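Engineer: One file is attached below, input_18.cif, containing mmCIF, C-alpha atoms.
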data_target
#
loop_
_atom_site.label_atom_id
_atom_site.label_comp_id
_atom_site.auth_asym_id
_atom_site.auth_seq_id
_atom_site.Cartn_x
_atom_site.Cartn_y
_atom_site.Cartn_z
CA MET T 15 -15.37 144.87 -93.94
CA LYS T 16 -11.60 144.60 -93.97
CA ARG T 17 -10.17 141.19 -93.22
CA THR T 18 -8.14 142.61 -90.35
CA LYS T 19 -11.33 143.07 -88.33
CA ALA T 20 -12.19 139.36 -88.31
CA PRO T 21 -10.00 138.26 -85.36
CA ALA T 22 -11.26 141.09 -83.17
CA GLN T 23 -14.85 140.32 -84.12
CA LEU T 24 -14.47 136.62 -83.28
CA ALA T 25 -12.83 137.48 -79.95
CA SER T 26 -15.66 139.87 -79.07
CA TRP T 27 -18.20 137.12 -79.83
CA ILE T 28 -16.71 134.77 -77.28
CA VAL T 29 -16.18 137.46 -74.62
CA ARG T 30 -19.80 138.60 -74.88
CA GLY T 31 -20.99 135.01 -74.96
CA VAL T 32 -19.11 134.19 -71.78
CA ILE T 33 -20.55 137.26 -70.03
CA ALA T 34 -24.03 136.13 -71.05
CA ILE T 35 -23.37 132.63 -69.75
CA VAL T 36 -22.31 133.91 -66.33
CA ALA T 37 -25.48 136.02 -66.12
CA LEU T 38 -27.72 133.17 -67.22
CA SER T 39 -26.19 130.43 -65.11
CA GLY T 40 -25.20 132.44 -62.07
CA GLY T 41 -21.63 131.12 -62.35
CA ALA T 42 -20.26 127.76 -61.32
CA ALA T 43 -22.32 127.62 -58.13
CA ALA T 44 -25.55 127.36 -60.13
CA SER T 45 -24.40 124.08 -61.68
CA ALA T 46 -24.42 122.41 -58.26
CA ALA T 47 -28.23 122.54 -58.08
CA ARG T 48 -29.51 122.24 -61.65
CA PRO T 49 -33.25 122.95 -61.84
CA ARG T 50 -35.85 120.70 -63.42
CA CYS T 51 -36.32 121.34 -67.11
CA GLU T 52 -39.54 123.20 -67.86
CA LEU T 53 -39.70 122.39 -71.56
CA THR T 54 -42.95 120.72 -72.60
CA PRO T 55 -42.40 117.18 -73.96
CA SER T 56 -44.62 117.82 -76.96
CA GLY T 57 -42.57 118.22 -80.13
CA ARG T 58 -41.91 121.61 -81.73
CA GLN T 59 -41.66 124.68 -79.55
CA ILE T 60 -40.01 128.11 -79.53
CA ILE T 61 -37.83 129.39 -76.72
CA GLU T 62 -36.28 132.84 -76.32
CA ILE T 63 -32.52 133.15 -75.80
CA GLY T 64 -31.02 136.41 -74.60
CA THR T 65 -31.95 139.41 -72.51
CA VAL T 66 -35.29 141.22 -72.59
CA GLY T 67 -35.56 143.36 -75.70
CA MET T 68 -32.73 141.45 -77.43
CA ALA T 69 -34.06 137.90 -77.19
CA ARG T 70 -33.70 135.57 -80.16
CA PRO T 71 -36.31 132.88 -80.84
CA VAL T 72 -34.96 129.36 -81.34
CA LEU T 73 -36.93 126.40 -82.68
CA LEU T 74 -36.63 123.22 -80.60
CA TYR T 75 -37.94 119.73 -81.00
CA VAL T 76 -38.45 117.99 -77.65
CA PRO T 77 -39.21 114.25 -77.73
CA HIS T 78 -42.74 113.33 -76.67
CA ALA T 79 -41.66 110.78 -74.09
CA THR T 80 -39.36 113.19 -72.23
CA ARG T 81 -39.56 113.44 -68.46
CA SER T 82 -39.36 117.13 -67.61
CA TRP T 83 -36.64 116.65 -64.96
CA LYS T 84 -34.25 114.57 -67.05
CA ALA T 85 -31.34 116.34 -68.77
CA LEU T 86 -31.15 115.01 -72.34
CA PRO T 87 -28.54 115.06 -75.10
CA LEU T 88 -28.76 118.10 -77.39
CA ILE T 89 -28.17 118.13 -81.16
CA LEU T 90 -27.63 121.52 -82.77
CA ASN T 91 -29.06 121.23 -86.29
CA LEU T 92 -27.82 124.09 -88.49
CA HIS T 93 -29.40 124.98 -91.83
CA GLY T 94 -27.63 125.61 -95.11
CA SER T 95 -27.13 129.00 -96.74
CA GLY T 96 -30.39 130.37 -98.11
CA SER T 97 -32.52 128.26 -95.77
CA ASN T 98 -33.70 128.57 -92.14
CA GLY T 99 -34.04 126.52 -88.98
CA ALA T 100 -37.59 125.32 -89.60
CA GLN T 101 -36.75 124.05 -93.08
CA GLN T 102 -33.67 122.26 -91.76
CA LEU T 103 -35.67 120.58 -88.98
CA ASP T 104 -38.15 119.31 -91.58
CA ARG T 105 -35.56 118.00 -94.06
CA SER T 106 -33.10 116.45 -91.62
CA GLY T 107 -35.22 113.61 -90.21
CA LEU T 108 -33.89 114.41 -86.74
CA MET T 109 -37.36 114.71 -85.21
CA GLU T 110 -37.86 110.97 -85.64
CA LEU T 111 -34.40 110.33 -84.23
CA ALA T 112 -35.18 112.60 -81.27
CA ASP T 113 -38.31 110.62 -80.37
CA ARG T 114 -36.54 107.28 -80.77
CA HIS T 115 -33.43 108.14 -78.76
CA HIS T 116 -34.76 110.84 -76.40
CA VAL T 117 -32.76 113.78 -77.70
CA ILE T 118 -33.53 117.51 -77.89
CA VAL T 119 -32.92 119.03 -81.33
CA ALA T 120 -32.31 122.79 -81.67
CA SER T 121 -32.63 124.37 -85.13
CA PRO T 122 -31.68 128.06 -84.80
CA ASP T 123 -31.63 130.61 -87.59
CA GLY T 124 -28.40 132.09 -88.94
CA GLY T 125 -27.87 135.78 -88.30
CA LEU T 126 -27.17 136.92 -91.87
CA THR T 127 -29.78 137.63 -94.55
CA LEU T 128 -28.55 136.90 -98.07
CA PRO T 129 -29.36 139.27 -100.96
CA SER T 130 -31.10 136.40 -102.76
CA GLY T 131 -33.25 135.60 -99.71
CA GLY T 132 -32.85 133.11 -96.89
CA LEU T 133 -30.34 133.12 -94.06
CA ALA T 134 -26.68 132.30 -93.60
CA TRP T 135 -24.15 131.95 -90.79
CA ASN T 136 -21.60 134.56 -89.82
CA ILE T 137 -18.20 132.87 -90.14
CA PRO T 138 -15.56 135.55 -89.54
CA GLY T 139 -13.12 136.24 -92.34
CA VAL T 140 -14.84 133.82 -94.72
CA PRO T 141 -17.17 134.94 -97.55
CA THR T 142 -20.80 133.84 -97.67
CA THR T 143 -22.30 132.16 -100.72
CA ALA T 144 -23.00 135.70 -101.97
CA GLY T 145 -19.23 136.16 -102.27
CA THR T 146 -18.92 138.93 -99.68
CA LEU T 147 -17.53 139.00 -96.16
CA PRO T 148 -19.99 139.40 -93.27
CA PRO T 149 -20.36 143.09 -92.32
CA ALA T 150 -18.75 144.43 -89.17
CA ASN T 151 -22.14 144.77 -87.44
CA ALA T 152 -23.31 141.24 -88.30
CA PRO T 153 -24.99 139.26 -85.50
CA ASP T 154 -22.67 137.17 -83.34
CA ASP T 155 -23.76 133.65 -84.30
CA VAL T 156 -21.06 131.90 -82.27
CA ALA T 157 -22.00 133.80 -79.10
CA ARG T 158 -25.69 133.16 -79.68
CA ILE T 159 -25.17 129.43 -80.12
CA LEU T 160 -22.98 129.45 -77.02
CA ALA T 161 -25.77 131.16 -75.07
CA LEU T 162 -28.31 128.63 -76.38
CA ILE T 163 -26.20 125.68 -75.20
CA ASP T 164 -25.54 127.11 -71.76
CA THR T 165 -29.11 128.28 -71.24
CA LEU T 166 -30.44 124.76 -71.86
CA ILE T 167 -27.78 123.35 -69.54
CA ALA T 168 -28.51 125.92 -66.82
CA LYS T 169 -32.25 125.16 -67.06
CA GLY T 170 -31.60 121.46 -66.47
CA CYS T 171 -32.77 120.43 -69.96
CA THR T 172 -29.45 119.43 -71.53
CA ASP T 173 -26.71 117.11 -70.34
CA PRO T 174 -23.50 119.20 -70.55
CA GLU T 175 -21.49 116.09 -71.42
CA ARG T 176 -23.62 115.32 -74.50
CA VAL T 177 -23.95 118.37 -76.74
CA TYR T 178 -23.50 117.64 -80.45
CA ALA T 179 -23.70 119.66 -83.67
CA THR T 180 -24.59 118.83 -87.24
CA GLY T 181 -25.43 121.02 -90.18
CA LEU T 182 -25.96 121.08 -93.94
CA SER T 183 -23.59 122.85 -96.36
CA GLY T 184 -23.13 126.37 -94.91
CA GLY T 185 -24.45 124.92 -91.66
CA GLY T 186 -21.76 122.25 -91.91
CA ARG T 187 -19.13 124.94 -92.30
CA MET T 188 -20.55 126.69 -89.23
CA VAL T 189 -20.50 123.41 -87.30
CA SER T 190 -16.85 123.01 -88.29
CA LEU T 191 -16.13 126.47 -86.89
CA LEU T 192 -17.90 125.55 -83.64
CA GLY T 193 -15.66 122.48 -83.42
CA CYS T 194 -12.67 124.80 -83.64
CA VAL T 195 -13.75 127.45 -81.11
CA LEU T 196 -16.28 125.70 -78.84
CA SER T 197 -14.47 122.44 -78.22
CA ASP T 198 -15.08 122.92 -74.50
CA ARG T 199 -18.84 122.75 -75.09
CA LEU T 200 -19.28 120.13 -77.83
CA ALA T 201 -18.85 116.37 -77.53
CA ALA T 202 -18.73 115.73 -81.32
CA ILE T 203 -19.49 117.38 -84.66
CA ALA T 204 -21.09 115.92 -87.80
CA PRO T 205 -20.96 118.27 -90.82
CA VAL T 206 -22.92 117.24 -93.92
CA VAL T 207 -21.44 118.33 -97.31
CA GLY T 208 -19.56 121.06 -95.45
CA LEU T 209 -16.60 119.76 -93.43
CA ARG T 210 -13.95 122.43 -92.81
CA ALA T 211 -10.90 122.66 -90.56
CA GLY T 212 -10.39 126.40 -90.54
CA ALA T 213 -10.30 128.94 -93.36
CA PRO T 214 -8.44 128.26 -96.62
CA ASP T 215 -4.79 129.27 -96.38
CA ARG T 216 -4.26 132.60 -98.13
CA SER T 217 -0.96 131.58 -99.70
CA THR T 218 -1.95 127.94 -100.38
CA PRO T 219 -5.78 127.78 -100.81
CA PRO T 220 -5.83 123.98 -101.41
CA GLU T 221 -4.84 123.59 -97.73
CA PRO T 222 -6.48 124.83 -94.52
CA ASP T 223 -4.82 127.58 -92.51
CA VAL T 224 -3.83 125.70 -89.33
CA LYS T 225 -3.83 128.93 -87.31
CA THR T 226 -7.59 129.30 -87.80
CA CYS T 227 -8.56 126.00 -86.17
CA GLN T 228 -6.77 125.06 -82.97
CA PRO T 229 -9.31 123.60 -80.50
CA THR T 230 -8.46 123.50 -76.81
CA ARG T 231 -9.35 119.79 -76.67
CA PRO T 232 -9.55 116.94 -79.22
CA MET T 233 -12.80 116.93 -81.19
CA PRO T 234 -14.54 113.77 -82.47
CA VAL T 235 -15.60 114.31 -86.09
CA VAL T 236 -17.88 112.38 -88.43
CA ALA T 237 -18.51 113.85 -91.88
CA PHE T 238 -20.87 112.96 -94.73
CA SER T 239 -20.19 114.05 -98.32
CA GLY T 240 -21.18 113.35 -101.90
CA GLY T 241 -18.70 112.34 -104.58
CA ALA T 242 -20.75 114.18 -107.22
CA ASP T 243 -21.11 117.40 -105.20
CA THR T 244 -20.32 120.33 -107.52
CA THR T 245 -21.17 123.03 -104.94
CA ASN T 246 -18.66 121.96 -102.28
CA PRO T 247 -16.53 119.56 -104.36
CA ILE T 248 -14.74 116.94 -102.29
CA ASP T 249 -11.59 117.44 -104.39
CA GLY T 250 -11.48 121.16 -103.59
CA GLY T 251 -11.76 124.28 -105.71
CA GLY T 252 -15.15 125.93 -106.07
CA ALA T 253 -16.10 129.20 -104.39
CA ARG T 254 -13.75 131.37 -102.30
CA TYR T 255 -15.13 130.00 -99.04
CA TRP T 256 -14.36 126.38 -100.08
CA GLN T 257 -11.02 125.88 -101.93
CA TYR T 258 -9.51 122.90 -100.10
CA GLY T 259 -11.02 119.43 -100.38
CA LEU T 260 -12.47 116.86 -98.03
CA LEU T 261 -9.22 114.91 -97.60
CA ALA T 262 -7.36 118.07 -96.57
CA ALA T 263 -10.06 118.82 -93.98
CA GLU T 264 -9.98 115.26 -92.65
CA ARG T 265 -6.21 115.23 -92.40
CA ARG T 266 -6.23 118.47 -90.42
CA TRP T 267 -8.77 117.09 -87.93
CA ALA T 268 -6.74 113.89 -87.73
CA ASP T 269 -3.66 115.97 -86.86
CA ILE T 270 -5.63 117.90 -84.22
CA ASP T 271 -6.84 114.64 -82.70
CA GLY T 272 -3.43 112.95 -82.77
CA CYS T 273 -4.43 110.25 -85.29
CA ARG T 274 -1.87 108.19 -87.18
CA GLY T 275 -2.90 106.29 -90.30
CA VAL T 276 -6.20 105.69 -92.04
CA VAL T 277 -8.30 102.73 -93.22
CA GLU T 278 -10.68 103.00 -96.19
CA THR T 279 -13.61 100.58 -96.56
CA GLU T 280 -16.31 100.20 -99.19
CA LEU T 281 -19.62 99.57 -97.42
CA GLY T 282 -21.29 96.80 -99.41
CA ARG T 283 -23.81 97.93 -102.02
CA SER T 284 -24.50 101.30 -100.42
CA GLY T 285 -22.11 103.10 -102.76
CA ARG T 286 -20.55 104.61 -99.66
CA ILE T 287 -16.84 104.75 -98.82
CA LYS T 288 -15.87 104.96 -95.14
CA ARG T 289 -12.54 106.41 -94.04
CA ARG T 290 -11.56 105.91 -90.41
CA TYR T 291 -8.42 107.45 -88.97
CA LEU T 292 -6.37 105.30 -86.62
CA GLY T 293 -4.48 105.79 -83.37
CA CYS T 294 -6.33 108.93 -82.33
CA GLN T 295 -6.21 110.20 -78.77
CA PRO T 296 -8.35 108.20 -76.31
CA GLY T 297 -12.06 108.74 -76.73
CA VAL T 298 -11.66 110.55 -80.06
CA ASP T 299 -12.42 109.42 -83.64
CA VAL T 300 -12.29 110.97 -87.10
CA VAL T 301 -14.54 109.24 -89.65
CA SER T 302 -15.96 110.23 -93.03
CA TYR T 303 -18.57 108.69 -95.30
CA VAL T 304 -18.61 109.57 -99.00
CA THR T 305 -21.53 108.49 -101.19
CA SER T 306 -19.94 108.14 -104.62
CA SER T 307 -23.00 109.33 -106.56
CA GLY T 308 -24.17 111.72 -103.85
CA THR T 309 -24.77 115.38 -104.65
CA HIS T 310 -25.04 118.52 -102.54
CA GLN T 311 -27.92 117.48 -100.30
CA TRP T 312 -28.77 116.19 -96.84
CA GLY T 313 -29.57 112.80 -98.36
CA VAL T 314 -25.88 111.77 -98.30
CA ALA T 315 -26.12 111.63 -94.49
CA ASP T 316 -27.21 108.54 -92.59
CA THR T 317 -28.78 109.84 -89.38
CA GLN T 318 -28.53 106.46 -87.66
CA LEU T 319 -24.79 106.27 -88.35
CA MET T 320 -24.55 109.89 -87.24
CA TRP T 321 -26.33 109.25 -83.94
CA ARG T 322 -24.35 106.06 -83.32
CA PHE T 323 -21.15 108.08 -83.62
CA MET T 324 -22.44 110.92 -81.45
CA SER T 325 -23.77 108.63 -78.73
CA GLU T 326 -20.36 106.98 -78.39
CA HIS T 327 -18.74 110.28 -77.44
CA SER T 328 -19.14 112.55 -74.44
CA ARG T 329 -17.26 115.56 -73.14
CA PRO T 330 -15.75 115.67 -69.66
CA VAL T 331 -17.25 118.66 -67.84
CA ARG T 332 -14.88 121.09 -66.22
CA SER T 333 -15.46 122.26 -62.66
CA ASP T 334 -16.06 125.81 -63.89
CA PRO T 335 -18.55 125.78 -66.80
CA ALA T 336 -18.28 129.54 -67.21
CA ALA T 337 -14.53 129.52 -67.85
CA PRO T 338 -13.81 131.31 -71.13
CA THR T 339 -13.24 129.43 -74.36
CA ARG T 340 -9.86 129.85 -76.02
CA VAL T 341 -10.17 131.90 -79.20
CA LEU T 342 -7.96 131.65 -82.27
CA SER T 343 -7.80 134.28 -84.97
CA ALA T 344 -9.84 133.77 -88.12
CA ASN T 345 -8.54 134.21 -91.63
#
Could you write out this structure as structure tokens?

Structural biologist:
Amino acid sequence: MKRTKAPAQLASWIVRGVIAIVALSGGAAASAARPRCELTPSGRQIIEIGTVGMARPVLLYVPHATRSWKALPLILNLHGSGSNGAQQLDRSGLMELADRHHVIVASPDGGLTLPSGGLAWNIPGVPTTAGTLPPANAPDDVARILALIDTLIAKGCTDPERVYATGLSGGGRMVSLLGCVLSDRLAAIAPVVGLRAGAPDRSTPPEPDVKTCQPTRPMPVVAFSGGADTTNPIDGGGARYWQYGLLAAERRWADIDGCRGVVETELGRSGRIKRRYLGCQPGVDVVSYVTSSGTHQWGVADTQLMWRFMSEHSRPVRSDPAAPTRVLSAN
């Protein structure tokens, strides 16, 4: 696929996703009388998202103590390249968190199948771990995630003010993309060994291309990384999809969120360095945790710190939930 097709593909994703949302929710009027959630409060379950004949199964974890009529926070839990939603749900430890804090966890599958096996996410204009760009006919992962969020909201299962996203590696890169283009749906993002702030700049790869990540509202960000990660090195370099480092990604999010200044703290004997950006816009934070000896794995994340950050942030809901999301061109 030629790179020039990426902006049009991303735009078509959002347009089709918005059309699907209107059909599923019945427009803004449907939000006035949200139905009772019909999900069974019994752990793992599969729901179908989409129209008949084109539905996509999505794995959910619903906390056992859930009351069926209560809209709960939702955490999107995105797998890494070469994995799938079920494996990510098992490795992330978010099922225990869901039961403790009464949260729904959704672990969808990416739409791309890698030559080596396993699945990946379709990030327009950015190569996969196989080194190739997603084909022109690749599934619209952004639109599908958008439909998942709004279906659960329309069904009365998810609180529209408390939708969060985390993901591992390639899933973290996808979560970063969602923060850029779905800022009017997400309350916070938490990439693990995968924080991005748009595609690498073509002329200056050690920096992000600011044109490819311009959210319509400030986005709270907490990121977890490993200092010994050689797959997505925090100092930059690596594969074509990576290039710029963690600090460059953080600084870009800090600029987006209007932050000024940063404080770095060593957290006791944990081997973890915390960076917190200062003076951000009200209700917004940018924070990162780097485990100095951490490698490219979910284990560098602290799910309790992650949930604490998420739970402190919510998204004001607009009067028209079906209003289209602003779309910026991809690399």

Engineer: For Pro55 (chain T), list every protein, DNA or RNA residue within 12 Å, evaluated using all atoms listed in the file, and leave out those in the same chain fewer than 5 positions away; present the list as a ChimeraX atom specification.

Structural biologist: /T:74-84,86,112-113,116-118,171

Engineer: Mind giving me the axis-aligned box for region 315-333 of chain T with 4 Å on every side, centre plus edges in Å to one decimal, as JSON?

Structural biologist:
{"center_x": -21.8, "center_y": 114.2, "center_z": -78.6, "size_x": 21.9, "size_y": 24.2, "size_z": 39.8}

Engineer: For the file shown, what are the residues hit by the PyMOL selection byres ((chain T and resi 254-262) around 6), laid out as JSON, numbers by chain?

Structural biologist: {"T": [140, 141, 219, 220, 221, 248, 249, 250, 251, 252, 253, 263, 264, 265]}

Engineer: Nearest to Thr165 (chain T): which of T:Ala201, T:Val236, T:Leu88, T:Leu196 is it, counting all atoms listed in the file?

Structural biologist: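 Among the listed residues, the smallest separation from Thr165 (chain T) belongs to T:Leu88.
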
Engineer: Would you list the contacts of Tyr291 (chain T) as a PDB file with C-alpha atoms, in the coordinates of the input, taking every protein, DNA or RNA residue within 7 Å and counting all atoms listed in the file, but skipping same-chain residues closer than 6 positions in sequence?

Structural biologist:
ATOM      1  CA  ALA T 268      -6.740 113.890 -87.730  1.00  0.00           C
ATOM      2  CA  CYS T 273      -4.430 110.250 -85.290  1.00  0.00           C
ATOM      3  CA  ARG T 274      -1.870 108.190 -87.180  1.00  0.00           C
ATOM      4  CA  GLY T 275      -2.900 106.290 -90.300  1.00  0.00           C
ATOM      5  CA  VAL T 276      -6.200 105.690 -92.040  1.00  0.00           C
ATOM      6  CA  VAL T 277      -8.300 102.730 -93.220  1.00  0.00           C
ATOM      7  CA  ASP T 299     -12.420 109.420 -83.640  1.00  0.00           C
ATOM      8  CA  VAL T 300     -12.290 110.970 -87.100  1.00  0.00           C
ATOM      9  CA  VAL T 301     -14.540 109.240 -89.650  1.00  0.00           C
TER      10      VAL T 301
END

Engineer: Using all atoms listed in the file, find the one residue out of T:Ser95, T:Gln295, T:Ser121, T:Thr244 that sits nearest to Thr142 (chain T).

Structural biologist: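 The closest residue to Thr142 (chain T) is T:Ser95.
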
Engineer: Just how far from CA of Ser97 (chain T) is CA of Ala144 (chain T), in Å to one decimal?

Structural biologist: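 Taking CA of Ala144 (chain T) as the start and CA of Ser97 (chain T) as the end point, the length is 13.6 Å.
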
Engineer: Quick one: distance from CA of Glu278 (chain T) to CA of Val304 (chain T) in Å, one decimal?

Structural biologist: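 Answer for the CA of Glu278 (chain T) to CA of Val304 (chain T) separation: 10.7 Å.
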
Engineer: Just give me the gap between CA of Asp271 (chain T) and CA of Met233 (chain T) in Å, one decimal is fine.

Structural biologist: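 Computing the Euclidean distance for CA of Asp271 (chain T) and CA of Met233 (chain T) yields 6.6 Å.
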
Engineer: For this structure, which residues satisfy the selection - the PyMOL selection byres ((chain T and resi 92) around 7) - when it is evaluated on the file as given? I want them as number ranges by chain.

Structural biologist: T: 90-91, 93-94, 99, 102, 121-122, 180-182, 185

Engineer: Could you write those residues out with C-alpha atoms, as a short mmCIF file (atom, residue, chain, number, x, y, z; two decimals), in the frame of the given file?

Structural biologist:
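Dumped everything to out22.cif:
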data_model
loop_
_atom_site.label_atom_id
_atom_site.label_comp_id
_atom_site.auth_asym_id
_atom_site.auth_seq_id
_atom_site.Cartn_x
_atom_site.Cartn_y
_atom_site.Cartn_z
CA LEU T 90 -27.63 121.52 -82.77
CA ASN T 91 -29.06 121.23 -86.29
CA HIS T 93 -29.40 124.98 -91.83
CA GLY T 94 -27.63 125.61 -95.11
CA GLY T 99 -34.04 126.52 -88.98
CA GLN T 102 -33.67 122.26 -91.76
CA SER T 121 -32.63 124.37 -85.13
CA PRO T 122 -31.68 128.06 -84.80
CA THR T 180 -24.59 118.83 -87.24
CA GLY T 181 -25.43 121.02 -90.18
CA LEU T 182 -25.96 121.08 -93.94
CA GLY T 185 -24.45 124.92 -91.66
#

Engineer: Which residue is closest to Pro148 (chain T)? Choose from T:Leu128, T:Ile163, T:Ala213, T:Ala315 and count all atoms listed in the file.

Structural biologist: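 That would be T:Leu128, the residue with the smallest distance to Pro148 (chain T).
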